[in-house]
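structure_6.pdb, holding PDB, C-alpha atoms, pLDDT in the B column:
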ATOM      1  CA  MET A   1      18.985 -36.797 -75.356  1.00 85.00           C
ATOM      2  CA  LYS A   2      18.686 -33.907 -77.788  1.00 88.00           C
ATOM      3  CA  ARG A   3      17.286 -30.663 -76.324  1.00 90.00           C
ATOM      4  CA  THR A   4      16.463 -27.256 -77.791  1.00 92.00           C
ATOM      5  CA  ILE A   5      17.400 -24.403 -75.464  1.00 93.00           C
ATOM      6  CA  ILE A   6      16.814 -20.725 -76.127  1.00 94.00           C
ATOM      7  CA  ALA A   7      18.570 -17.899 -74.331  1.00 94.00           C
ATOM      8  CA  THR A   8      18.120 -14.170 -74.577  1.00 95.00           C
ATOM      9  CA  VAL A   9      21.372 -12.363 -73.933  1.00 95.00           C
ATOM     10  CA  ASN A  10      22.812  -8.860 -73.997  1.00 95.00           C
ATOM     11  CA  ASN A  11      24.005  -8.067 -77.497  1.00 94.00           C
ATOM     12  CA  THR A  12      27.624  -7.329 -76.589  1.00 93.00           C
ATOM     13  CA  SER A  13      30.931  -8.606 -77.891  1.00 92.00           C
ATOM     14  CA  GLY A  14      32.290 -11.781 -76.340  1.00 92.00           C
ATOM     15  CA  VAL A  15      28.958 -13.150 -75.083  1.00 93.00           C
ATOM     16  CA  MET A  16      28.821 -16.006 -77.599  1.00 91.00           C
ATOM     17  CA  ASN A  17      32.439 -16.903 -76.885  1.00 92.00           C
ATOM     18  CA  ARG A  18      31.814 -17.075 -73.125  1.00 91.00           C
ATOM     19  CA  ILE A  19      28.687 -19.172 -73.525  1.00 91.00           C
ATOM     20  CA  THR A  20      30.157 -21.657 -76.001  1.00 90.00           C
ATOM     21  CA  GLY A  21      33.221 -21.890 -73.747  1.00 89.00           C
ATOM     22  CA  LEU A  22      30.917 -22.838 -70.894  1.00 87.00           C
ATOM     23  CA  PHE A  23      29.550 -25.740 -72.968  1.00 85.00           C
ATOM     24  CA  ALA A  24      33.055 -26.839 -73.985  1.00 86.00           C
ATOM     25  CA  ARG A  25      34.425 -26.794 -70.421  1.00 85.00           C
ATOM     26  CA  ARG A  26      31.571 -29.040 -69.303  1.00 81.00           C
ATOM     27  CA  HIS A  27      31.933 -31.386 -72.303  1.00 83.00           C
ATOM     28  CA  PHE A  28      28.453 -30.718 -73.696  1.00 85.00           C
ATOM     29  CA  ASN A  29      28.158 -31.205 -77.430  1.00 86.00           C
ATOM     30  CA  ILE A  30      26.440 -28.354 -79.276  1.00 90.00           C
ATOM     31  CA  GLU A  31      24.777 -29.852 -82.339  1.00 90.00           C
ATOM     32  CA  SER A  32      23.757 -26.448 -83.664  1.00 91.00           C
ATOM     33  CA  ILE A  33      23.724 -22.853 -82.533  1.00 92.00           C
ATOM     34  CA  THR A  34      22.052 -19.851 -84.099  1.00 93.00           C
ATOM     35  CA  VAL A  35      22.340 -16.290 -82.878  1.00 93.00           C
ATOM     36  CA  GLY A  36      20.628 -13.140 -84.024  1.00 91.00           C
ATOM     37  CA  MET A  37      19.420  -9.768 -82.872  1.00 92.00           C
ATOM     38  CA  THR A  38      15.857  -9.595 -81.545  1.00 91.00           C
ATOM     39  CA  GLU A  39      13.272  -6.841 -81.984  1.00 93.00           C
ATOM     40  CA  ASN A  40      15.358  -4.991 -79.362  1.00 93.00           C
ATOM     41  CA  PRO A  41      18.816  -4.206 -80.842  1.00 93.00           C
ATOM     42  CA  SER A  42      20.499  -4.517 -77.436  1.00 95.00           C
ATOM     43  CA  VAL A  43      19.286  -8.136 -77.010  1.00 95.00           C
ATOM     44  CA  SER A  44      20.213 -11.256 -79.011  1.00 95.00           C
ATOM     45  CA  ARG A  45      18.476 -14.603 -79.096  1.00 95.00           C
ATOM     46  CA  MET A  46      20.533 -17.790 -79.060  1.00 94.00           C
ATOM     47  CA  THR A  47      19.070 -21.153 -80.004  1.00 94.00           C
ATOM     48  CA  PHE A  48      21.103 -24.219 -79.036  1.00 91.00           C
ATOM     49  CA  VAL A  49      20.469 -27.816 -79.919  1.00 91.00           C
ATOM     50  CA  VAL A  50      22.537 -29.805 -77.426  1.00 90.00           C
ATOM     51  CA  ASN A  51      23.053 -33.439 -76.587  1.00 86.00           C
ATOM     52  CA  VAL A  52      22.903 -34.182 -72.880  1.00 85.00           C
ATOM     53  CA  ASP A  53      23.087 -37.566 -71.219  1.00 83.00           C
ATOM     54  CA  ASN A  54      20.247 -37.095 -68.747  1.00 85.00           C
ATOM     55  CA  GLN A  55      17.942 -34.627 -67.005  1.00 87.00           C
ATOM     56  CA  ARG A  56      20.648 -33.783 -64.483  1.00 88.00           C
ATOM     57  CA  GLY A  57      22.965 -32.726 -67.312  1.00 82.00           C
ATOM     58  CA  LEU A  58      20.216 -30.572 -68.793  1.00 85.00           C
ATOM     59  CA  ASP A  59      19.541 -28.908 -65.439  1.00 89.00           C
ATOM     60  CA  GLN A  60      23.277 -28.237 -65.092  1.00 86.00           C
ATOM     61  CA  VAL A  61      23.431 -26.567 -68.524  1.00 84.00           C
ATOM     62  CA  ILE A  62      20.495 -24.286 -67.705  1.00 90.00           C
ATOM     63  CA  LYS A  63      21.877 -23.369 -64.262  1.00 91.00           C
ATOM     64  CA  GLN A  64      25.302 -22.595 -65.716  1.00 89.00           C
ATOM     65  CA  LEU A  65      23.793 -20.432 -68.440  1.00 91.00           C
ATOM     66  CA  ASN A  66      21.700 -18.525 -65.897  1.00 92.00           C
ATOM     67  CA  LYS A  67      24.873 -17.712 -63.928  1.00 91.00           C
ATOM     68  CA  GLN A  68      26.339 -15.819 -66.877  1.00 90.00           C
ATOM     69  CA  VAL A  69      26.170 -12.033 -66.403  1.00 90.00           C
ATOM     70  CA  ASP A  70      24.973 -11.278 -69.935  1.00 93.00           C
ATOM     71  CA  VAL A  71      22.274 -13.977 -69.992  1.00 95.00           C
ATOM     72  CA  LEU A  72      18.806 -12.516 -69.464  1.00 95.00           C
ATOM     73  CA  LYS A  73      16.611 -15.632 -69.744  1.00 95.00           C
ATOM     74  CA  VAL A  74      17.069 -19.341 -70.517  1.00 95.00           C
ATOM     75  CA  ARG A  75      14.391 -21.889 -71.407  1.00 93.00           C
ATOM     76  CA  ASP A  76      14.309 -25.482 -72.598  1.00 93.00           C
ATOM     77  CA  ILE A  77      11.563 -25.460 -75.238  1.00 93.00           C
ATOM     78  CA  THR A  78      11.971 -29.031 -76.466  1.00 90.00           C
ATOM     79  CA  ASP A  79       8.675 -30.258 -75.045  1.00 91.00           C
ATOM     80  CA  ASP A  80       6.717 -27.076 -75.849  1.00 90.00           C
ATOM     81  CA  ALA A  81       4.736 -26.346 -78.989  1.00 90.00           C
ATOM     82  CA  ILE A  82       7.386 -24.581 -81.068  1.00 88.00           C
ATOM     83  CA  VAL A  83       8.070 -23.192 -84.503  1.00 89.00           C
ATOM     84  CA  ALA A  84      11.499 -24.443 -85.591  1.00 89.00           C
ATOM     85  CA  ARG A  85      13.189 -23.852 -88.924  1.00 93.00           C
ATOM     86  CA  GLU A  86      16.527 -24.378 -90.575  1.00 94.00           C
ATOM     87  CA  LEU A  87      17.950 -22.889 -93.777  1.00 95.00           C
ATOM     88  CA  ALA A  88      20.284 -24.798 -96.067  1.00 96.00           C
ATOM     89  CA  LEU A  89      22.149 -23.674 -99.166  1.00 97.00           C
ATOM     90  CA  ILE A  90      23.175 -26.597-101.370  1.00 97.00           C
ATOM     91  CA  LYS A  91      25.448 -26.299-104.407  1.00 97.00           C
ATOM     92  CA  VAL A  92      24.916 -29.281-106.689  1.00 97.00           C
ATOM     93  CA  VAL A  93      26.843 -30.422-109.754  1.00 95.00           C
ATOM     94  CA  ALA A  94      24.398 -29.790-112.594  1.00 93.00           C
ATOM     95  CA  ALA A  95      25.094 -30.087-116.258  1.00 89.00           C
ATOM     96  CA  PRO A  96      22.508 -28.183-118.303  1.00 90.00           C
ATOM     97  CA  GLN A  97      20.632 -31.398-119.189  1.00 91.00           C
ATOM     98  CA  HIS A  98      20.025 -32.196-115.453  1.00 91.00           C
ATOM     99  CA  ARG A  99      18.832 -28.771-114.319  1.00 93.00           C
ATOM    100  CA  GLY A 100      15.177 -29.401-115.164  1.00 93.00           C
ATOM    101  CA  GLU A 101      15.277 -32.637-113.196  1.00 94.00           C
ATOM    102  CA  ILE A 102      16.833 -30.889-110.174  1.00 95.00           C
ATOM    103  CA  SER A 103      14.285 -28.088-110.423  1.00 94.00           C
ATOM    104  CA  SER A 104      11.428 -30.614-110.402  1.00 95.00           C
ATOM    105  CA  LEU A 105      12.900 -32.220-107.254  1.00 95.00           C
ATOM    106  CA  ALA A 106      12.950 -28.819-105.559  1.00 96.00           C
ATOM    107  CA  GLU A 107       9.308 -28.001-106.271  1.00 95.00           C
ATOM    108  CA  PRO A 108       7.568 -30.348-103.766  1.00 96.00           C
ATOM    109  CA  PHE A 109       9.995 -29.209-101.045  1.00 96.00           C
ATOM    110  CA  ARG A 110       9.321 -25.546-101.833  1.00 96.00           C
ATOM    111  CA  ALA A 111      13.035 -25.144-102.374  1.00 97.00           C
ATOM    112  CA  SER A 112      14.281 -22.600-104.868  1.00 96.00           C
ATOM    113  CA  ILE A 113      17.223 -22.188-107.177  1.00 96.00           C
ATOM    114  CA  VAL A 114      19.137 -19.095-106.059  1.00 97.00           C
ATOM    115  CA  ASP A 115      22.187 -19.296-108.335  1.00 96.00           C
ATOM    116  CA  VAL A 116      23.121 -20.996-111.604  1.00 95.00           C
ATOM    117  CA  GLY A 117      26.690 -21.522-112.739  1.00 93.00           C
ATOM    118  CA  ARG A 118      28.190 -23.240-115.746  1.00 92.00           C
ATOM    119  CA  GLU A 119      28.558 -26.562-113.943  1.00 93.00           C
ATOM    120  CA  SER A 120      26.348 -26.134-110.867  1.00 95.00           C
ATOM    121  CA  VAL A 121      23.136 -24.822-109.346  1.00 97.00           C
ATOM    122  CA  THR A 122      22.648 -23.565-105.806  1.00 97.00           C
ATOM    123  CA  LEU A 123      19.387 -24.314-104.062  1.00 97.00           C
ATOM    124  CA  GLN A 124      17.864 -22.857-100.934  1.00 98.00           C
ATOM    125  CA  ILE A 125      15.513 -24.747 -98.642  1.00 97.00           C
ATOM    126  CA  THR A 126      13.912 -23.854 -95.337  1.00 96.00           C
ATOM    127  CA  GLY A 127      11.948 -26.138 -93.070  1.00 95.00           C
ATOM    128  CA  ASP A 128      12.259 -28.515 -90.189  1.00 91.00           C
ATOM    129  CA  GLN A 129      15.355 -30.654 -89.894  1.00 90.00           C
ATOM    130  CA  GLN A 130      13.715 -33.773 -91.390  1.00 93.00           C
ATOM    131  CA  LYS A 131      12.576 -31.881 -94.499  1.00 96.00           C
ATOM    132  CA  VAL A 132      16.053 -30.435 -95.055  1.00 95.00           C
ATOM    133  CA  GLU A 133      17.680 -33.856 -94.558  1.00 95.00           C
ATOM    134  CA  ALA A 134      15.261 -35.530 -96.984  1.00 96.00           C
ATOM    135  CA  PHE A 135      15.980 -32.927 -99.665  1.00 97.00           C
ATOM    136  CA  ILE A 136      19.741 -33.240 -99.226  1.00 97.00           C
ATOM    137  CA  ASP A 137      19.458 -37.032 -99.556  1.00 97.00           C
ATOM    138  CA  LEU A 138      17.604 -36.612-102.877  1.00 96.00           C
ATOM    139  CA  LEU A 139      20.330 -34.328-104.209  1.00 96.00           C
ATOM    140  CA  LYS A 140      23.286 -36.533-103.205  1.00 96.00           C
ATOM    141  CA  PRO A 141      23.235 -38.648-106.406  1.00 95.00           C
ATOM    142  CA  TYR A 142      23.880 -35.470-108.464  1.00 95.00           C
ATOM    143  CA  GLY A 143      26.971 -34.636-106.404  1.00 95.00           C
ATOM    144  CA  ILE A 144      26.917 -32.028-103.672  1.00 97.00           C
ATOM    145  CA  LYS A 145      29.788 -29.557-104.157  1.00 97.00           C
ATOM    146  CA  GLU A 146      29.052 -27.384-101.104  1.00 97.00           C
ATOM    147  CA  LEU A 147      26.576 -27.420 -98.253  1.00 97.00           C
ATOM    148  CA  ALA A 148      25.893 -24.718 -95.660  1.00 96.00           C
ATOM    149  CA  ARG A 149      23.261 -25.095 -92.940  1.00 94.00           C
ATOM    150  CA  THR A 150      22.185 -22.521 -90.399  1.00 91.00           C
ATOM    151  CA  GLY A 151      21.155 -24.901 -87.659  1.00 88.00           C
ATOM    152  CA  ILE A 152      17.765 -24.723 -86.030  1.00 89.00           C
ATOM    153  CA  THR A 153      16.253 -21.475 -84.864  1.00 89.00           C
ATOM    154  CA  ALA A 154      13.066 -21.732 -82.826  1.00 89.00           C
ATOM    155  CA  PHE A 155      10.590 -20.145 -80.473  1.00 83.00           C
ATOM    156  CA  LYS A 156       7.363 -21.070 -78.762  1.00 86.00           C
ATOM    157  CA  ARG A 157       4.157 -20.953 -80.741  1.00 86.00           C
ATOM    158  CA  GLY A 158       1.597 -18.270 -79.945  1.00 83.00           C
ATOM    159  CA  THR A 159      -1.201 -19.014 -77.531  1.00 64.00           C
ATOM    160  CA  ASN A 160      -4.465 -20.466 -78.737  1.00 50.00           C
ATOM    161  CA  LYS A 161      -6.320 -17.354 -77.592  1.00 46.00           C
ATOM    162  CA  SER A 162      -6.650 -14.655 -80.182  1.00 40.00           C
ATOM    163  CA  VAL A 163      -5.603 -11.176 -79.148  1.00 41.00           C
ATOM    164  CA  PHE A 164      -8.592  -9.885 -81.056  1.00 43.00           C
ATOM    165  CA  GLU A 165     -11.228 -12.045 -79.375  1.00 47.00           C
ATOM    166  CA  SER A 166     -14.257  -9.949 -78.612  1.00 46.00           C
ATOM    167  CA  PRO A 167     -16.188 -10.439 -75.377  1.00 48.00           C
ATOM    168  CA  LYS A 168     -19.277 -12.632 -75.628  1.00 50.00           C
ATOM    169  CA  TYR A 169     -22.566 -10.870 -74.897  1.00 50.00           C
ATOM    170  CA  SER A 170     -25.998 -12.305 -74.610  1.00 47.00           C
ATOM    171  CA  ILE A 171     -29.148 -10.347 -75.193  1.00 60.00           C
ATOM    172  CA  ILE A 172     -31.954 -11.120 -72.815  1.00 60.00           C
ATOM    173  CA  ASN A 173     -35.442 -10.163 -73.973  1.00 51.00           C
TER     174      ASN A 173
END

Whole structure given in structure tokens:
Amino acid sequence: MKRTIIATVNNTSGVMNRITGLFARRHFNIESITVGMTENPSVSRMTFVVNVDNQRGLDQVIKQLNKQVDVLKVRDITDDAIVARELALIKVVAAPQHRGEISSLAEPFRASIVDVGRESVTLQITGDQQKVEAFIDLLKPYGIKELARTGITAFKRGTNKSVFESPKYSIIN
């Protein structure tokens, strides 16, 4: 079963190596991993998409991550309401006569052309994994020269309560 796990960790050298080594030693397959600094420069956020065989395997991954010295917090957010996005850069073979056609394919996906070469165009797309996959499938007939994907990055959605909700008053005459 595919699970999305987020971990906040100390932003120090070697942390990613130790954590990915933990997954490798336990034979867990990491489908994607993204890492970046948070609003606090001394803390990084790691988002893993991992395949585990069962709930026991998932529990083991989370327990092992929590044992790491530099790990501050670990959560499985798969079943939560989340915002998840992936970025892909796709270089496509594009003779000048096909560029308009490729551009019109990009429009409904809100993808954009970020580079144009003599024989190719490079497109950028962000969205959920299904959107990115669908766009890549549409571009395959043109010939994909290069493809780079970030993997999923995600976090929980905000609460339904507004921070700016004003208290409700009633006026009694």

Tell me which protein, DNA and RNA residues are within 12 Å of Phe48 in chain A, counting only C-alpha atoms, leaving out same-chain ones fewer than 4 positions away, and put them as a PyMOL selection string.
chain A and resi 2-8+16+19-20+23+28-35+52+61-62+65+74-78+84+150-155

Create the file for the chosen residues now, containing C-alpha atoms and written as a PDB file, in the frame of the given file.
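Result file is part-v1.pdb:
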ATOM      1  CA  LYS A   2      18.686 -33.907 -77.788  1.00 88.00           C
ATOM      2  CA  ARG A   3      17.286 -30.663 -76.324  1.00 90.00           C
ATOM      3  CA  THR A   4      16.463 -27.256 -77.791  1.00 92.00           C
ATOM      4  CA  ILE A   5      17.400 -24.403 -75.464  1.00 93.00           C
ATOM      5  CA  ILE A   6      16.814 -20.725 -76.127  1.00 94.00           C
ATOM      6  CA  ALA A   7      18.570 -17.899 -74.331  1.00 94.00           C
ATOM      7  CA  THR A   8      18.120 -14.170 -74.577  1.00 95.00           C
ATOM      8  CA  MET A  16      28.821 -16.006 -77.599  1.00 91.00           C
ATOM      9  CA  ILE A  19      28.687 -19.172 -73.525  1.00 91.00           C
ATOM     10  CA  THR A  20      30.157 -21.657 -76.001  1.00 90.00           C
ATOM     11  CA  PHE A  23      29.550 -25.740 -72.968  1.00 85.00           C
ATOM     12  CA  PHE A  28      28.453 -30.718 -73.696  1.00 85.00           C
ATOM     13  CA  ASN A  29      28.158 -31.205 -77.430  1.00 86.00           C
ATOM     14  CA  ILE A  30      26.440 -28.354 -79.276  1.00 90.00           C
ATOM     15  CA  GLU A  31      24.777 -29.852 -82.339  1.00 90.00           C
ATOM     16  CA  SER A  32      23.757 -26.448 -83.664  1.00 91.00           C
ATOM     17  CA  ILE A  33      23.724 -22.853 -82.533  1.00 92.00           C
ATOM     18  CA  THR A  34      22.052 -19.851 -84.099  1.00 93.00           C
ATOM     19  CA  VAL A  35      22.340 -16.290 -82.878  1.00 93.00           C
ATOM     20  CA  VAL A  52      22.903 -34.182 -72.880  1.00 85.00           C
ATOM     21  CA  VAL A  61      23.431 -26.567 -68.524  1.00 84.00           C
ATOM     22  CA  ILE A  62      20.495 -24.286 -67.705  1.00 90.00           C
ATOM     23  CA  LEU A  65      23.793 -20.432 -68.440  1.00 91.00           C
ATOM     24  CA  VAL A  74      17.069 -19.341 -70.517  1.00 95.00           C
ATOM     25  CA  ARG A  75      14.391 -21.889 -71.407  1.00 93.00           C
ATOM     26  CA  ASP A  76      14.309 -25.482 -72.598  1.00 93.00           C
ATOM     27  CA  ILE A  77      11.563 -25.460 -75.238  1.00 93.00           C
ATOM     28  CA  THR A  78      11.971 -29.031 -76.466  1.00 90.00           C
ATOM     29  CA  ALA A  84      11.499 -24.443 -85.591  1.00 89.00           C
ATOM     30  CA  THR A 150      22.185 -22.521 -90.399  1.00 91.00           C
ATOM     31  CA  GLY A 151      21.155 -24.901 -87.659  1.00 88.00           C
ATOM     32  CA  ILE A 152      17.765 -24.723 -86.030  1.00 89.00           C
ATOM     33  CA  THR A 153      16.253 -21.475 -84.864  1.00 89.00           C
ATOM     34  CA  ALA A 154      13.066 -21.732 -82.826  1.00 89.00           C
ATOM     35  CA  PHE A 155      10.590 -20.145 -80.473  1.00 83.00           C
TER      36      PHE A 155
END

Selection in question (the file shown): the PyMOL selection byres ((chain A and resi 117-122) around 6). Which residues does it include, as a PyMOL selection string?
chain A and resi 90-95+113-116+123

Distance query Met1 in chain A at most 9 Å, all atoms listed in the file, self and fewer than 4 positions along chain excluded, as a VMD selection string
chain A and resid 50 to 55

One decimal, in Å: what's the spacing between CA of Gly158 in chain A and CA of Arg110 in chain A?
24.3 Å

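Of the residues listed (A:Ala111, A:Val49, A:Met37, A:Ile102), A:Ile102 shows the shortest atom-to-atom separation from Leu139 in chain A; distances use all atoms listed in the file.
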
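Within the 7 Å cut-off around Lys156 in chain A, using all atoms listed in the file and omitting residues fewer than 5 positions from it on the same chain, the listed residues are Asp80, Ala81, Ile82 and Val83 of chain A.
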
File dump, residues just selected, C-alpha atoms, as a PDB file, keeping the file's coordinate frame:
ATOM      1  CA  ASP A  80       6.717 -27.076 -75.849  1.00 90.00           C
ATOM      2  CA  ALA A  81       4.736 -26.346 -78.989  1.00 90.00           C
ATOM      3  CA  ILE A  82       7.386 -24.581 -81.068  1.00 88.00           C
ATOM      4  CA  VAL A  83       8.070 -23.192 -84.503  1.00 89.00           C
TER       5      VAL A  83
END

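Evaluating the PyMOL selection byres ((chain A and resi 108) around 12) against the shown model yields Ile102, Ser103, Ser104, Leu105, Ala106, Glu107, Phe109, Arg110, Ala111, Ser112, Ile125, Lys131, Ala134, Phe135 and Leu138 of chain A.
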